[in-house]
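Student: If it helps, the file is called work32.pdb and holds PDB, C-alpha atoms:
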ATOM      1  CA  MET D   1     293.508  30.184 -16.141  1.00  0.00           C
ATOM      2  CA  ALA D   2     289.890  30.803 -17.064  1.00  0.00           C
ATOM      3  CA  PHE D   3     290.547  33.450 -19.684  1.00  0.00           C
ATOM      4  CA  PHE D   4     289.632  31.421 -22.762  1.00  0.00           C
ATOM      5  CA  PRO D   5     286.095  30.534 -21.614  1.00  0.00           C
ATOM      6  CA  LEU D   6     285.570  34.237 -20.976  1.00  0.00           C
ATOM      7  CA  LEU D   7     286.652  35.019 -24.540  1.00  0.00           C
ATOM      8  CA  GLN D   8     284.355  32.330 -25.894  1.00  0.00           C
ATOM      9  CA  GLU D   9     281.431  33.791 -23.962  1.00  0.00           C
ATOM     10  CA  ALA D  10     282.246  37.267 -25.303  1.00  0.00           C
ATOM     11  CA  ALA D  11     282.357  35.927 -28.858  1.00  0.00           C
ATOM     12  CA  GLN D  12     278.968  34.266 -28.447  1.00  0.00           C
ATOM     13  CA  THR D  13     277.515  37.461 -27.012  1.00  0.00           C
ATOM     14  CA  ALA D  14     278.919  39.539 -29.863  1.00  0.00           C
ATOM     15  CA  SER D  15     277.413  37.205 -32.432  1.00  0.00           C
ATOM     16  CA  ASN D  16     273.822  38.185 -31.594  1.00  0.00           C
ATOM     17  CA  SER D  17     272.333  41.538 -32.587  1.00  0.00           C
ATOM     18  CA  ASN D  18     272.699  43.189 -29.172  1.00  0.00           C
ATOM     19  CA  GLY D  19     276.092  41.764 -28.327  1.00  0.00           C
ATOM     20  CA  LEU D  20     278.311  44.621 -29.422  1.00  0.00           C
ATOM     21  CA  ALA D  21     276.196  47.179 -27.576  1.00  0.00           C
ATOM     22  CA  LEU D  22     276.424  45.124 -24.402  1.00  0.00           C
ATOM     23  CA  ILE D  23     280.178  44.733 -24.750  1.00  0.00           C
ATOM     24  CA  GLY D  24     280.499  48.465 -25.433  1.00  0.00           C
ATOM     25  CA  ALA D  25     278.457  49.285 -22.347  1.00  0.00           C
ATOM     26  CA  GLY D  26     280.671  47.067 -20.227  1.00  0.00           C
ATOM     27  CA  LEU D  27     283.818  48.624 -21.644  1.00  0.00           C
ATOM     28  CA  GLY D  28     282.433  52.112 -21.100  1.00  0.00           C
ATOM     29  CA  ALA D  29     281.611  51.405 -17.466  1.00  0.00           C
ATOM     30  CA  GLY D  30     285.019  49.839 -16.905  1.00  0.00           C
ATOM     31  CA  LEU D  31     286.892  52.728 -18.474  1.00  0.00           C
ATOM     32  CA  ALA D  32     284.926  55.238 -16.421  1.00  0.00           C
ATOM     33  CA  VAL D  33     285.874  53.469 -13.203  1.00  0.00           C
ATOM     34  CA  ILE D  34     289.519  53.067 -14.230  1.00  0.00           C
ATOM     35  CA  GLY D  35     289.765  56.751 -15.127  1.00  0.00           C
ATOM     36  CA  ALA D  36     288.225  57.763 -11.811  1.00  0.00           C
ATOM     37  CA  GLY D  37     290.644  55.545  -9.930  1.00  0.00           C
ATOM     38  CA  MET D  38     293.601  57.090 -11.697  1.00  0.00           C
ATOM     39  CA  GLY D  39     292.299  60.606 -11.088  1.00  0.00           C
ATOM     40  CA  ILE D  40     291.658  60.056  -7.394  1.00  0.00           C
ATOM     41  CA  GLY D  41     295.070  58.405  -7.074  1.00  0.00           C
ATOM     42  CA  ASN D  42     296.726  61.466  -8.600  1.00  0.00           C
ATOM     43  CA  ILE D  43     294.802  63.760  -6.261  1.00  0.00           C
ATOM     44  CA  GLY D  44     295.896  61.722  -3.252  1.00  0.00           C
ATOM     45  CA  ALA D  45     299.522  61.648  -4.356  1.00  0.00           C
ATOM     46  CA  LYS D  46     299.691  65.368  -5.024  1.00  0.00           C
ATOM     47  CA  ALA D  47     297.845  66.175  -1.792  1.00  0.00           C
ATOM     48  CA  MET D  48     300.330  64.139   0.248  1.00  0.00           C
ATOM     49  CA  GLU D  49     303.200  65.812  -1.573  1.00  0.00           C
ATOM     50  CA  GLY D  50     301.727  69.241  -0.849  1.00  0.00           C
ATOM     51  CA  ILE D  51     301.186  68.400   2.813  1.00  0.00           C
ATOM     52  CA  ALA D  52     304.775  67.158   3.063  1.00  0.00           C
ATOM     53  CA  ARG D  53     306.038  70.430   1.602  1.00  0.00           C
ATOM     54  CA  GLN D  54     303.758  72.704   3.669  1.00  0.00           C
ATOM     55  CA  PRO D  55     302.436  70.949   6.769  1.00  0.00           C
ATOM     56  CA  GLU D  56     300.744  74.137   7.997  1.00  0.00           C
ATOM     57  CA  ALA D  57     298.405  74.064   4.973  1.00  0.00           C
ATOM     58  CA  ALA D  58     297.278  70.472   5.567  1.00  0.00           C
ATOM     59  CA  GLY D  59     293.669  71.383   6.381  1.00  0.00           C
ATOM     60  CA  LYS D  60     293.136  73.395   3.213  1.00  0.00           C
ATOM     61  CA  ILE D  61     294.847  70.780   1.061  1.00  0.00           C
ATOM     62  CA  GLN D  62     292.779  67.942   2.535  1.00  0.00           C
ATOM     63  CA  THR D  63     289.546  69.863   2.041  1.00  0.00           C
ATOM     64  CA  ALA D  64     290.344  70.669  -1.576  1.00  0.00           C
ATOM     65  CA  ALA D  65     291.443  67.086  -2.275  1.00  0.00           C
ATOM     66  CA  LEU D  66     288.248  65.685  -0.773  1.00  0.00           C
ATOM     67  CA  ILE D  67     286.070  68.003  -2.858  1.00  0.00           C
ATOM     68  CA  LEU D  68     287.980  67.169  -6.042  1.00  0.00           C
ATOM     69  CA  ALA D  69     287.775  63.424  -5.341  1.00  0.00           C
ATOM     70  CA  ALA D  70     284.010  63.713  -4.843  1.00  0.00           C
ATOM     71  CA  LEU D  71     283.640  65.568  -8.154  1.00  0.00           C
ATOM     72  CA  ILE D  72     285.667  62.938  -9.990  1.00  0.00           C
ATOM     73  CA  GLU D  73     283.651  60.158  -8.380  1.00  0.00           C
ATOM     74  CA  GLY D  74     280.434  61.873  -9.456  1.00  0.00           C
ATOM     75  CA  ALA D  75     281.634  62.123 -13.044  1.00  0.00           C
ATOM     76  CA  ALA D  76     282.611  58.438 -13.005  1.00  0.00           C
ATOM     77  CA  LEU D  77     279.229  57.469 -11.591  1.00  0.00           C
ATOM     78  CA  PHE D  78     277.573  59.442 -14.377  1.00  0.00           C
ATOM     79  CA  GLY D  79     279.669  57.539 -16.944  1.00  0.00           C
ATOM     80  CA  VAL D  80     278.732  54.184 -15.424  1.00  0.00           C
ATOM     81  CA  VAL D  81     275.033  55.085 -15.355  1.00  0.00           C
ATOM     82  CA  VAL D  82     275.129  56.157 -19.014  1.00  0.00           C
ATOM     83  CA  ALA D  83     276.861  52.899 -19.941  1.00  0.00           C
ATOM     84  CA  PHE D  84     274.210  50.864 -18.121  1.00  0.00           C
ATOM     85  CA  GLN D  85     271.463  52.902 -19.756  1.00  0.00           C
ATOM     86  CA  ILE D  86     272.964  51.968 -23.121  1.00  0.00           C
ATOM     87  CA  GLN D  87     272.978  48.346 -22.029  1.00  0.00           C
ATOM     88  CA  GLY D  88     269.312  48.467 -21.050  1.00  0.00           C
ATOM     89  CA  LYS D  89     268.358  50.093 -24.349  1.00  0.00           C
ATOM     90  CA  PHE D  90     269.228  46.973 -26.350  1.00  0.00           C
TER      91      PHE D  90
END
Produce structure tokens that represent the structure in this file.
Tutor:
Amino acid sequence: MAFFPLLQEAAQTASNSNGLALIGAGLGAGLAVIGAGMGIGNIGAKAMEGIARQPEAAGKIQTAALILAALIEGAALFGVVVAFQIQGKF
């Protein structure tokens, strides 16, 4: 497993003056994407549950779920862009 070389590279990066900012930017971008994935997964699960309970409302549920997923994706993209802006600052 190539986990230890990755840790060694992270330690070398953190040892220079910009290292912690770069690691923080990477963590911020990763957390933004993970949060968006969890949010969109919850929307999909609840939408399918709602459609299973009321099949006649499938169109409205799908439309609302699509809009909500797009809003979550936009917020995640904003978080990733801010994290990369932090990375470019240092």
Student: Just give me the residues with any atom within 9 Å of (277.3, 46.1, -25.0), file coordinates, counting only C-alpha atoms, written as a ChimeraX atom specification.
Tutor: /D:13-14,18-28,83-84,86-87,90
Student: Write out as a list in words which residues come within 7 Å of segment 35-52 of chain D when counting all atoms listed in the file, dropping same-chain ones fewer than 3 positions away.
Tutor: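 Within the cut-off, the hits are Leu31, Ala32, Pro55, Ala57, Ala58, Ile61, Gln62, Ala65, Ala69, Ile72, Glu73 and Ala76 of chain D.
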Student: Go ahead and compute the interatomic distance for atom CA of Val33 of chain D and atom CA of Gly79 of chain D, in Å to one decimal.
Tutor: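 According to the coordinates, atom CA of Val33 of chain D and atom CA of Gly79 of chain D are separated by 8.3 Å.
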Student: Can you work out the spacing between atom CA of Leu6 of chain D and atom CA of Ala75 of chain D in Å, to one decimal?
Tutor: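 Rounded to one decimal, the two atoms are 29.3 Å apart.
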Student: Please determine an axis-aligned box that encloses all atoms of segment 22-35 of chain D listed in the file, with 3 Å added on each side, and express its centre and edge lengths in Å to one decimal as AutoDock Vina command-line options.
Tutor:
--center_x 283.1 --center_y 50.7 --center_z -19.3 --size_x 19.3 --size_y 18.0 --size_z 18.2
Student: Using Å and a single decimal, report how far atom CA of Gln85 of chain D sits from atom CA of Leu66 of chain D.
Tutor: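 That distance, rounded to one decimal, is 28.4 Å.
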Student: Could segment 7-39 of chain D be completed with N, CA and C atoms and returned as a CSV table (one decimal), keeping the file's coordinate frame?
Tutor:
chain,number,residue,atom,x,y,z
D,7,LEU,N,286.6,34.6,-23.1
D,7,LEU,CA,286.7,35.0,-24.5
D,7,LEU,C,285.6,34.3,-25.4
D,8,GLN,N,285.4,33.0,-25.1
D,8,GLN,CA,284.4,32.3,-25.9
D,8,GLN,C,283.0,32.9,-25.6
D,9,GLU,N,282.7,33.2,-24.3
D,9,GLU,CA,281.4,33.8,-24.0
D,9,GLU,C,281.3,35.2,-24.6
D,10,ALA,N,282.3,36.0,-24.7
D,10,ALA,CA,282.2,37.3,-25.3
D,10,ALA,C,282.0,37.1,-26.8
D,11,ALA,N,282.6,36.1,-27.4
D,11,ALA,CA,282.4,35.9,-28.9
D,11,ALA,C,280.9,35.5,-29.1
D,12,GLN,N,280.4,34.7,-28.3
D,12,GLN,CA,279.0,34.3,-28.4
D,12,GLN,C,278.0,35.4,-28.2
D,13,THR,N,278.3,36.3,-27.3
D,13,THR,CA,277.5,37.5,-27.0
D,13,THR,C,277.6,38.4,-28.2
D,14,ALA,N,278.8,38.6,-28.8
D,14,ALA,CA,278.9,39.5,-29.9
D,14,ALA,C,278.2,39.0,-31.1
D,15,SER,N,278.0,37.7,-31.2
D,15,SER,CA,277.4,37.2,-32.4
D,15,SER,C,275.9,37.5,-32.6
D,16,ASN,N,275.2,37.8,-31.5
D,16,ASN,CA,273.8,38.2,-31.6
D,16,ASN,C,273.7,39.7,-31.9
D,17,SER,N,272.5,40.2,-32.1
D,17,SER,CA,272.3,41.5,-32.6
D,17,SER,C,272.6,42.6,-31.5
D,18,ASN,N,272.5,42.2,-30.3
D,18,ASN,CA,272.7,43.2,-29.2
D,18,ASN,C,274.1,43.1,-28.6
D,19,GLY,N,274.8,42.1,-29.0
D,19,GLY,CA,276.1,41.8,-28.3
D,19,GLY,C,277.1,42.9,-28.3
D,20,LEU,N,277.3,43.6,-29.4
D,20,LEU,CA,278.3,44.6,-29.4
D,20,LEU,C,277.9,45.8,-28.5
D,21,ALA,N,276.6,46.1,-28.5
D,21,ALA,CA,276.2,47.2,-27.6
D,21,ALA,C,276.4,46.8,-26.1
D,22,LEU,N,276.2,45.6,-25.8
D,22,LEU,CA,276.4,45.1,-24.4
D,22,LEU,C,277.9,45.1,-24.1
D,23,ILE,N,278.7,44.7,-25.0
D,23,ILE,CA,280.2,44.7,-24.8
D,23,ILE,C,280.7,46.2,-24.6
D,24,GLY,N,280.1,47.1,-25.5
D,24,GLY,CA,280.5,48.5,-25.4
D,24,GLY,C,280.1,49.1,-24.1
D,25,ALA,N,278.9,48.7,-23.6
D,25,ALA,CA,278.5,49.3,-22.3
D,25,ALA,C,279.4,48.8,-21.2
D,26,GLY,N,279.8,47.6,-21.3
D,26,GLY,CA,280.7,47.1,-20.2
D,26,GLY,C,282.0,47.7,-20.3
D,27,LEU,N,282.5,47.9,-21.5
D,27,LEU,CA,283.8,48.6,-21.6
D,27,LEU,C,283.7,50.1,-21.2
D,28,GLY,N,282.6,50.7,-21.5
D,28,GLY,CA,282.4,52.1,-21.1
D,28,GLY,C,282.4,52.2,-19.6
D,29,ALA,N,281.7,51.4,-18.9
D,29,ALA,CA,281.6,51.4,-17.5
D,29,ALA,C,283.0,51.1,-16.9
D,30,GLY,N,283.7,50.2,-17.4
D,30,GLY,CA,285.0,49.8,-16.9
D,30,GLY,C,286.0,51.0,-17.1
D,31,LEU,N,286.0,51.6,-18.2
D,31,LEU,CA,286.9,52.7,-18.5
D,31,LEU,C,286.6,53.9,-17.6
D,32,ALA,N,285.3,54.1,-17.3
D,32,ALA,CA,284.9,55.2,-16.4
D,32,ALA,C,285.5,55.0,-15.0
D,33,VAL,N,285.4,53.8,-14.5
D,33,VAL,CA,285.9,53.5,-13.2
D,33,VAL,C,287.4,53.5,-13.2
D,34,ILE,N,288.1,53.0,-14.2
D,34,ILE,CA,289.5,53.1,-14.2
D,34,ILE,C,290.0,54.5,-14.3
D,35,GLY,N,289.4,55.3,-15.1
D,35,GLY,CA,289.8,56.8,-15.1
D,35,GLY,C,289.6,57.5,-13.8
D,36,ALA,N,288.5,57.2,-13.1
D,36,ALA,CA,288.2,57.8,-11.8
D,36,ALA,C,289.3,57.3,-10.8
D,37,GLY,N,289.6,56.1,-10.8
D,37,GLY,CA,290.6,55.5,-9.9
D,37,GLY,C,292.0,56.2,-10.1
D,38,MET,N,292.3,56.4,-11.4
D,38,MET,CA,293.6,57.1,-11.7
D,38,MET,C,293.6,58.5,-11.3
D,39,GLY,N,292.4,59.2,-11.5
D,39,GLY,CA,292.3,60.6,-11.1
D,39,GLY,C,292.4,60.8,-9.6
